[in-house]
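Have a look at the structure below, then the notes.
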Amino acid sequence: MPEHAISPTREENYPEWFQQVIKAADLAEASPVRGCMVIKPWGYAIWENMQRILDRMFKETGHQNAYFPLFIPLSFLEKEAKHVEGFAKECAVVTHHRLELGPDGKLIPTGKLEEPLVVRPTSETIIGASYAKWIQSYRDLPVLINQWANVVRWEMRPRLFLRTTEFLWQEGHTAHATKEEAIEETLRMLNVYSTFAERDLAIPVVRGPKPACERFPGAEETYSIEAMMQDCKSLQAGTSHFLGQNFSRAQEIKFSNTDGNEEFCWTTSWGVSTRLIGAVIMTHSDDDGLVLPPRIAPMHVVVIPIHRSPEERDAVLAACQRVKTLVADLQFAGEPIRLRIDSRDMRGGDKVWQYIKQGVPIRLEIGPRDVAAGAVSVSRRDQPPRTKTSMPLEEFVLALPSVLEEIQQQLYDRALAFRDLHTQSFDSKEAVVAFFTPPDSGNRKSQEPMLHGGFARVHVADDPRVNEVFDPLKVTVRCIPMDGDDEPGFCIITGLATRRRSILAKSY
RNA sequence: CGGGGCGUAGCGCAGUUGGUAGCGCGCCUGGUUUGGGACCAGGAGGUCGGGAGUUCGAAUCUCCCCGCCCCGACCA
């Protein structure tokens with residue numbers, strides 16, 4: 001048997017390891033349509049758990065769900081100049097509405113549309129058109145709406161979960177009477193995202209505004225949460241945009257204020273996507289496969305019966321049922337504990353490895369010896385695969401919620417320690433360049449560059465000259481972290497005064 | 001869209017002086033097994049990515065196309 005369930009290992013070839021984890025955990029696969037993925041039940045269950053938690057948080061902050069069309073008239077997209085520029089190169093366009101059977105049996109698009117329809121890459125424009133109708137008075141504000149939807153962006157280099165042509169997400173769109181209120185909303189939702197990432201996904205994130213060149217097309221300010229993956233690259237895990245009055249001016253989203261004067265609304269938008277599944281994979285998983293934070297794991301506990309004879313089988317299955325009954329009353333993170341007995345006619349070892357690769361937090365084995373002793377054998381996914389602890393059944397049940405909490409915390413702590421280990425402050429261009437230059441890969445088997453770099457905390461101005469310098473290294477300013485105190489300094493490239501350090505990193 | 005690599009059974013792969021397809025794993029059946037990826041025996045499964053061409057004969061040679069991976073370009 002190989003030493004690890006996943007080949008290659010993270011160290012040998014990180015991108016390939018990522019794909020193999022997805023395959024081994026049965027999360028998703030490529031589809032017949034280039035760039036699109038099939039999300040399989042195990043992967044979709046993770047998304048459903050994310051959706052449920054986020055949806056609750058959106059409702060708690062006063063938002064309602066609604067649904068807007070998949071198709072956006074071309075003319076809508078043209079309204080905001082920067083928006084057009086940003087998305088024009090990656091839009092799927094519907095030009096026909098009918099198929100006719102050709103002489104050779106092939107189907108031919110006919111019925112050309114008068115105005116082409118764009119498959120939404122995002123919905124600011126189509127939602128704005130509704131808001132323009134709905135909003136007349138200050139009494140109609142704020143409008144706080146979210147939609148769960150799919151979007152299409154015709155990407156050149158798709159990667160499962162990280163960048164696919166079609167993906168699932170939520171997009172919140174709000175309209176406010178004042179600039180202050182809109183900014184407050186933008187930051188509120190950024191906080192929802194960082195709380196969700198850290199508490200539920202066990203992914204530590206850095207929050208902050210993006211430099212101008214990384215802004216959402218049409219936004220005044222874009223804030224993101226950035227997470228460090230195990231290859232030390234940064235993944236933008238969520239964004240929240242303050243759109244100013246750019247879209248409301250373009251789309252005439254106006255209201256009468258208390259003085260009876262007409263004003264343009266201040267709008268925001270914010271979103272997270274199935275990319276978060278990629279973030280979870282690359283933050284927690286190891287060389288034996290997926291590792292899931294309990295709060296979003298489709299299954300918390302899997303019970304694997306071990307038996308030979310039919311008599312043993314009956315006794316063992318009865319014991320498994322007893323565990324299930326006892327656990328049924330328990331809760332973790334405000335939800336019932338998700339436990340499944342896997343009584344499929346398979347060898348125990350095969351099952352065990354399947355659940356290791358799928359990232360189930362706790363594995364329980366119950367065999368004749370356990371039944372006789374009133375005990376269970378417990379393994380945790382955050383511990384090495386062959387680690388097993390025997391304990392009395394009652395003790396296990398009693399401790400279960402806190403053990404799940406402990407695993408959740410352990411994953412967060414590990415990820416935070418990893419990020420801290422690979423975060424450094426630098427005060428010269430040379431030091432930053434050295435940090436991001438791969439070490440000599442001399443005798444390595446793999447073609448992949450060795451894992452290196454990380455987050456560089458550096459004083460840089462929001463200036464094109466900074467980008468020019470770091471472009472060749474493929475390093476960008478991810479965001480300007482907003483947590484912590486100001487630390488005035490001077491840009492290491494331009495010499496301009498800066499209020500605090502930015503995070504520079506290679507990114508997905 | 002450029003540069004490189006690849007495409008043969010569900011998965012991983014072998015298969016050049018061109019001769020009609022094989023191995024490992026997996027799957028199915030029977031048996032022996034069973035506390036951490038079992039063993040024996042038998043069996044099923046392939047338009048060799050697609051198309052055209054050269055040839056008596058193509059997985060193998062030529063051309064075109066498609067798809068995947070890596071590196072660029074591109075990308076909130």
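Note on naming: chains are A, B, ... as they come in the structure tokens, residues start from 1 per chain, ligands start from 1 in the order shown.
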Just want the 10 Å neighbourhood of A59 of chain B, counted on only C-alpha atoms (C1' of nucleotides), with same-chain residues fewer than 5 positions away dropped. Output as a PDB file with all heavy atoms, in the first residue's frame.
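Output file part-v2.pdb follows:
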ATOM      1  P     U B   8      -7.058   7.266 -23.187  1.00  0.00           P
ATOM      2  OP1   U B   8      -8.483   7.196 -22.838  1.00  0.00           O
ATOM      3  OP2   U B   8      -6.028   7.229 -22.146  1.00  0.00           O
ATOM      4  O5'   U B   8      -6.753   6.106 -24.230  1.00  0.00           O
ATOM      5  C5'   U B   8      -7.688   5.764 -25.225  1.00  0.00           C
ATOM      6  C4'   U B   8      -7.559   4.315 -25.607  1.00  0.00           C
ATOM      7  O4'   U B   8      -6.226   4.070 -26.137  1.00  0.00           O
ATOM      8  C3'   U B   8      -7.651   3.342 -24.440  1.00  0.00           C
ATOM      9  O3'   U B   8      -8.988   3.086 -24.045  1.00  0.00           O
ATOM     10  C2'   U B   8      -6.948   2.125 -25.025  1.00  0.00           C
ATOM     11  O2'   U B   8      -7.773   1.508 -25.995  1.00  0.00           O
ATOM     12  C1'   U B   8      -5.777   2.794 -25.734  1.00  0.00           C
ATOM     13  N1    U B   8      -4.609   2.966 -24.845  1.00  0.00           N
ATOM     14  C2    U B   8      -3.837   1.841 -24.574  1.00  0.00           C
ATOM     15  O2    U B   8      -4.093   0.739 -25.019  1.00  0.00           O
ATOM     16  N3    U B   8      -2.765   2.060 -23.744  1.00  0.00           N
ATOM     17  C4    U B   8      -2.390   3.247 -23.182  1.00  0.00           C
ATOM     18  O4    U B   8      -1.406   3.289 -22.463  1.00  0.00           O
ATOM     19  C5    U B   8      -3.243   4.368 -23.502  1.00  0.00           C
ATOM     20  C6    U B   8      -4.291   4.183 -24.305  1.00  0.00           C
ATOM     21  P     G B  15       5.324   1.400 -24.295  1.00  0.00           P
ATOM     22  OP1   G B  15       6.785   1.334 -24.485  1.00  0.00           O
ATOM     23  OP2   G B  15       4.629   2.705 -24.309  1.00  0.00           O
ATOM     24  O5'   G B  15       4.613   0.466 -25.374  1.00  0.00           O
ATOM     25  C5'   G B  15       5.155  -0.810 -25.673  1.00  0.00           C
ATOM     26  C4'   G B  15       4.176  -1.593 -26.497  1.00  0.00           C
ATOM     27  O4'   G B  15       2.885  -1.628 -25.840  1.00  0.00           O
ATOM     28  C3'   G B  15       3.854  -1.018 -27.870  1.00  0.00           C
ATOM     29  O3'   G B  15       4.849  -1.301 -28.827  1.00  0.00           O
ATOM     30  C2'   G B  15       2.533  -1.692 -28.190  1.00  0.00           C
ATOM     31  O2'   G B  15       2.722  -3.035 -28.592  1.00  0.00           O
ATOM     32  C1'   G B  15       1.856  -1.679 -26.811  1.00  0.00           C
ATOM     33  N9    G B  15       1.007  -0.478 -26.690  1.00  0.00           N
ATOM     34  C8    G B  15       1.311   0.711 -26.070  1.00  0.00           C
ATOM     35  N7    G B  15       0.344   1.592 -26.156  1.00  0.00           N
ATOM     36  C5    G B  15      -0.638   0.949 -26.892  1.00  0.00           C
ATOM     37  C6    G B  15      -1.915   1.398 -27.312  1.00  0.00           C
ATOM     38  O6    G B  15      -2.442   2.495 -27.130  1.00  0.00           O
ATOM     39  N1    G B  15      -2.599   0.427 -28.032  1.00  0.00           N
ATOM     40  C2    G B  15      -2.118  -0.830 -28.318  1.00  0.00           C
ATOM     41  N2    G B  15      -2.914  -1.620 -29.018  1.00  0.00           N
ATOM     42  N3    G B  15      -0.936  -1.261 -27.929  1.00  0.00           N
ATOM     43  C4    G B  15      -0.251  -0.331 -27.226  1.00  0.00           C
ATOM     44  P     A B  21      -7.701  -7.935 -32.224  1.00  0.00           P
ATOM     45  OP1   A B  21      -7.408  -9.380 -32.185  1.00  0.00           O
ATOM     46  OP2   A B  21      -9.049  -7.440 -31.863  1.00  0.00           O
ATOM     47  O5'   A B  21      -6.653  -7.169 -31.314  1.00  0.00           O
ATOM     48  C5'   A B  21      -5.354  -7.704 -31.073  1.00  0.00           C
ATOM     49  C4'   A B  21      -4.784  -7.132 -29.814  1.00  0.00           C
ATOM     50  O4'   A B  21      -4.913  -5.692 -29.843  1.00  0.00           O
ATOM     51  C3'   A B  21      -5.524  -7.550 -28.533  1.00  0.00           C
ATOM     52  O3'   A B  21      -4.996  -8.777 -28.057  1.00  0.00           O
ATOM     53  C2'   A B  21      -5.228  -6.389 -27.582  1.00  0.00           C
ATOM     54  O2'   A B  21      -3.970  -6.553 -26.955  1.00  0.00           O
ATOM     55  C1'   A B  21      -5.139  -5.199 -28.538  1.00  0.00           C
ATOM     56  N9    A B  21      -6.354  -4.375 -28.578  1.00  0.00           N
ATOM     57  C8    A B  21      -7.536  -4.629 -29.211  1.00  0.00           C
ATOM     58  N7    A B  21      -8.433  -3.687 -29.078  1.00  0.00           N
ATOM     59  C5    A B  21      -7.791  -2.745 -28.294  1.00  0.00           C
ATOM     60  C6    A B  21      -8.199  -1.511 -27.789  1.00  0.00           C
ATOM     61  N6    A B  21      -9.403  -0.977 -28.008  1.00  0.00           N
ATOM     62  N1    A B  21      -7.322  -0.825 -27.021  1.00  0.00           N
ATOM     63  C2    A B  21      -6.110  -1.357 -26.799  1.00  0.00           C
ATOM     64  N3    A B  21      -5.610  -2.503 -27.223  1.00  0.00           N
ATOM     65  C4    A B  21      -6.508  -3.154 -27.967  1.00  0.00           C
ATOM     66  P     C B  48     -11.229   2.203 -32.264  1.00  0.00           P
ATOM     67  OP1   C B  48     -11.210   3.455 -33.033  1.00  0.00           O
ATOM     68  OP2   C B  48     -10.339   1.107 -32.575  1.00  0.00           O
ATOM     69  O5'   C B  48     -11.047   2.524 -30.694  1.00  0.00           O
ATOM     70  C5'   C B  48     -10.720   3.805 -30.263  1.00  0.00           C
ATOM     71  C4'   C B  48      -9.454   3.765 -29.452  1.00  0.00           C
ATOM     72  O4'   C B  48      -8.914   2.427 -29.351  1.00  0.00           O
ATOM     73  C3'   C B  48      -8.334   4.641 -29.987  1.00  0.00           C
ATOM     74  O3'   C B  48      -7.789   5.373 -28.906  1.00  0.00           O
ATOM     75  C2'   C B  48      -7.308   3.639 -30.494  1.00  0.00           C
ATOM     76  O2'   C B  48      -5.994   4.108 -30.388  1.00  0.00           O
ATOM     77  C1'   C B  48      -7.525   2.467 -29.541  1.00  0.00           C
ATOM     78  N1    C B  48      -7.071   1.172 -30.076  1.00  0.00           N
ATOM     79  C2    C B  48      -5.831   0.688 -29.643  1.00  0.00           C
ATOM     80  O2    C B  48      -5.181   1.370 -28.829  1.00  0.00           O
ATOM     81  N3    C B  48      -5.381  -0.492 -30.116  1.00  0.00           N
ATOM     82  C4    C B  48      -6.117  -1.182 -30.973  1.00  0.00           C
ATOM     83  N4    C B  48      -5.649  -2.339 -31.388  1.00  0.00           N
ATOM     84  C5    C B  48      -7.388  -0.703 -31.424  1.00  0.00           C
ATOM     85  C6    C B  48      -7.821   0.471 -30.956  1.00  0.00           C
TER      86        C B  48
END
Next on the checklist: Taking only C-alpha atoms (C1' of nucleotides) into account and nothing else, which residues of chain B lie no more than 7 Å away from chain A? Please answer as a PyMOL selection string.
Outcome noted: chain B and resi 34-37+74-76
Please, could you write that set of residues out with all heavy atoms as a compact mmCIF listing (two decimals), in the first residue's frame?
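Contents of again28.txt, freshly written:
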# COMPACT_ATOMS: atom_id res chain seq x y z
P U B 34 -10.62 -14.95 9.25
OP1 U B 34 -9.55 -15.25 10.19
OP2 U B 34 -11.97 -15.52 9.45
O5' U B 34 -10.76 -13.36 9.13
C5' U B 34 -9.70 -12.59 8.56
C4' U B 34 -10.24 -11.23 8.17
O4' U B 34 -11.32 -11.39 7.24
C3' U B 34 -10.79 -10.45 9.36
O3' U B 34 -10.49 -9.08 9.18
C2' U B 34 -12.29 -10.63 9.23
O2' U B 34 -13.06 -9.57 9.75
C1' U B 34 -12.45 -10.68 7.71
N1 U B 34 -13.66 -11.38 7.29
C2 U B 34 -14.64 -10.65 6.64
O2 U B 34 -14.51 -9.45 6.37
N3 U B 34 -15.75 -11.35 6.29
C4 U B 34 -16.00 -12.67 6.53
O4 U B 34 -17.05 -13.15 6.16
C5 U B 34 -14.95 -13.37 7.23
C6 U B 34 -13.85 -12.71 7.57
P G B 35 -9.22 -8.45 9.88
OP1 G B 35 -8.12 -8.42 8.94
OP2 G B 35 -9.02 -9.11 11.21
O5' G B 35 -9.74 -6.97 10.03
C5' G B 35 -10.77 -6.68 10.96
C4' G B 35 -10.30 -5.55 11.84
O4' G B 35 -11.29 -5.30 12.84
C3' G B 35 -9.00 -5.86 12.58
O3' G B 35 -8.26 -4.66 12.70
C2' G B 35 -9.49 -6.31 13.95
O2' G B 35 -8.55 -6.04 14.97
C1' G B 35 -10.71 -5.43 14.13
N9 G B 35 -11.73 -5.96 14.99
C8 G B 35 -12.08 -7.26 15.27
N7 G B 35 -13.08 -7.34 16.11
C5 G B 35 -13.40 -6.01 16.39
C6 G B 35 -14.38 -5.45 17.22
O6 G B 35 -15.21 -6.03 17.91
N1 G B 35 -14.35 -4.07 17.21
C2 G B 35 -13.47 -3.31 16.46
N2 G B 35 -13.57 -2.00 16.56
N3 G B 35 -12.54 -3.81 15.68
C4 G B 35 -12.57 -5.15 15.70
P G B 36 -7.22 -4.31 11.56
OP1 G B 36 -6.79 -5.50 10.77
OP2 G B 36 -6.22 -3.44 12.21
O5' G B 36 -8.20 -3.42 10.62
C5' G B 36 -8.46 -3.84 9.29
C4' G B 36 -7.83 -2.89 8.31
O4' G B 36 -8.26 -1.55 8.65
C3' G B 36 -6.30 -2.86 8.33
O3' G B 36 -5.83 -2.60 7.02
C2' G B 36 -5.96 -1.68 9.23
O2' G B 36 -4.74 -1.10 8.90
C1' G B 36 -7.12 -0.75 8.94
N9 G B 36 -7.48 0.11 10.05
C8 G B 36 -7.46 -0.18 11.38
N7 G B 36 -7.87 0.82 12.12
C5 G B 36 -8.18 1.81 11.21
C6 G B 36 -8.67 3.13 11.41
O6 G B 36 -8.94 3.67 12.46
N1 G B 36 -8.85 3.80 10.22
C2 G B 36 -8.58 3.28 8.98
N2 G B 36 -8.81 4.07 7.95
N3 G B 36 -8.12 2.05 8.77
C4 G B 36 -7.94 1.39 9.92
P G B 37 -5.86 -3.89 6.00
OP1 G B 37 -6.32 -5.15 6.55
OP2 G B 37 -4.56 -3.80 5.32
O5' G B 37 -7.00 -3.37 5.04
C5' G B 37 -6.92 -2.05 4.55
C4' G B 37 -7.59 -2.01 3.21
O4' G B 37 -7.50 -0.67 2.70
C3' G B 37 -6.96 -2.93 2.16
O3' G B 37 -8.03 -3.37 1.36
C2' G B 37 -6.09 -1.97 1.35
O2' G B 37 -5.98 -2.37 -0.01
C1' G B 37 -6.89 -0.70 1.43
N9 G B 37 -6.20 0.57 1.29
C8 G B 37 -4.96 0.99 1.72
N7 G B 37 -4.72 2.25 1.41
C5 G B 37 -5.86 2.64 0.73
C6 G B 37 -6.20 3.88 0.13
O6 G B 37 -5.55 4.91 0.10
N1 G B 37 -7.45 3.83 -0.44
C2 G B 37 -8.27 2.74 -0.46
N2 G B 37 -9.44 2.86 -1.07
N3 G B 37 -7.98 1.58 0.09
C4 G B 37 -6.77 1.62 0.66
P C B 74 -2.70 39.89 -20.06
OP1 C B 74 -2.90 41.27 -20.49
OP2 C B 74 -1.99 39.61 -18.79
O5' C B 74 -4.10 39.16 -20.02
C5' C B 74 -5.10 39.43 -21.01
C4' C B 74 -6.32 38.58 -20.76
O4' C B 74 -5.92 37.19 -20.72
C3' C B 74 -6.99 38.79 -19.41
O3' C B 74 -7.86 39.91 -19.41
C2' C B 74 -7.73 37.47 -19.21
O2' C B 74 -8.90 37.42 -20.01
C1' C B 74 -6.71 36.49 -19.77
N1 C B 74 -5.82 35.96 -18.71
C2 C B 74 -6.28 34.88 -17.95
O2 C B 74 -7.40 34.40 -18.22
N3 C B 74 -5.49 34.37 -16.97
C4 C B 74 -4.30 34.92 -16.73
N4 C B 74 -3.56 34.39 -15.77
C5 C B 74 -3.82 36.04 -17.47
C6 C B 74 -4.60 36.52 -18.44
P C B 75 -7.95 40.81 -18.09
OP1 C B 75 -8.83 41.94 -18.42
OP2 C B 75 -6.61 41.06 -17.54
O5' C B 75 -8.73 39.86 -17.08
C5' C B 75 -10.09 39.49 -17.33
C4' C B 75 -10.51 38.41 -16.39
O4' C B 75 -9.56 37.33 -16.44
C3' C B 75 -10.52 38.81 -14.91
O3' C B 75 -11.74 39.45 -14.58
C2' C B 75 -10.37 37.47 -14.21
O2' C B 75 -11.60 36.80 -14.13
C1' C B 75 -9.44 36.72 -15.17
N1 C B 75 -8.04 36.74 -14.74
C2 C B 75 -7.61 35.80 -13.80
O2 C B 75 -8.43 34.99 -13.35
N3 C B 75 -6.31 35.80 -13.40
C4 C B 75 -5.48 36.69 -13.90
N4 C B 75 -4.20 36.65 -13.48
C5 C B 75 -5.87 37.67 -14.86
C6 C B 75 -7.16 37.66 -15.25
P A B 76 -11.75 40.93 -13.91
OP1 A B 76 -12.99 41.64 -14.15
OP2 A B 76 -10.49 41.56 -14.38
O5' A B 76 -11.70 40.53 -12.36
C5' A B 76 -10.75 40.91 -11.58
C4' A B 76 -11.29 41.43 -10.27
O4' A B 76 -12.69 41.69 -10.25
C3' A B 76 -11.00 40.45 -9.11
O3' A B 76 -10.60 41.22 -7.99
C2' A B 76 -12.38 39.89 -8.86
O2' A B 76 -12.53 39.44 -7.57
C1' A B 76 -13.27 41.07 -9.12
N9 A B 76 -14.66 40.77 -9.41
C8 A B 76 -15.60 41.66 -9.80
N7 A B 76 -16.79 41.17 -9.99
C5 A B 76 -16.63 39.83 -9.70
C6 A B 76 -17.52 38.75 -9.72
N6 A B 76 -18.80 38.89 -10.05
N1 A B 76 -17.05 37.55 -9.37
C2 A B 76 -15.77 37.44 -9.04
N3 A B 76 -14.83 38.37 -9.01
C4 A B 76 -15.32 39.56 -9.35
Next on the checklist: As an exercise, work out the distance from atom CA of Ile296 of chain A to atom CA of Phe455 of chain A in Å and give it to one decimal place.
Outcome noted: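 Atom CA of Phe455 of chain A lies 26.8 Å from atom CA of Ile296 of chain A.
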Next on the checklist: Quick check, in Å to one decimal: how far apart do atom C1' of C64 of chain B and atom C1' of A52 of chain B lie?
Outcome noted: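 Going from atom C1' of C64 of chain B over to atom C1' of A52 of chain B covers 7.7 Å.
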Item to check | Residue contacts of Glu394 of chain A (9 Å, only C-alpha atoms (C1' of nucleotides)) excluding same-chain residues fewer than 3 positions away, as a ChimeraX atom specification | outcome: /A:323,326,374-375,391,397-399
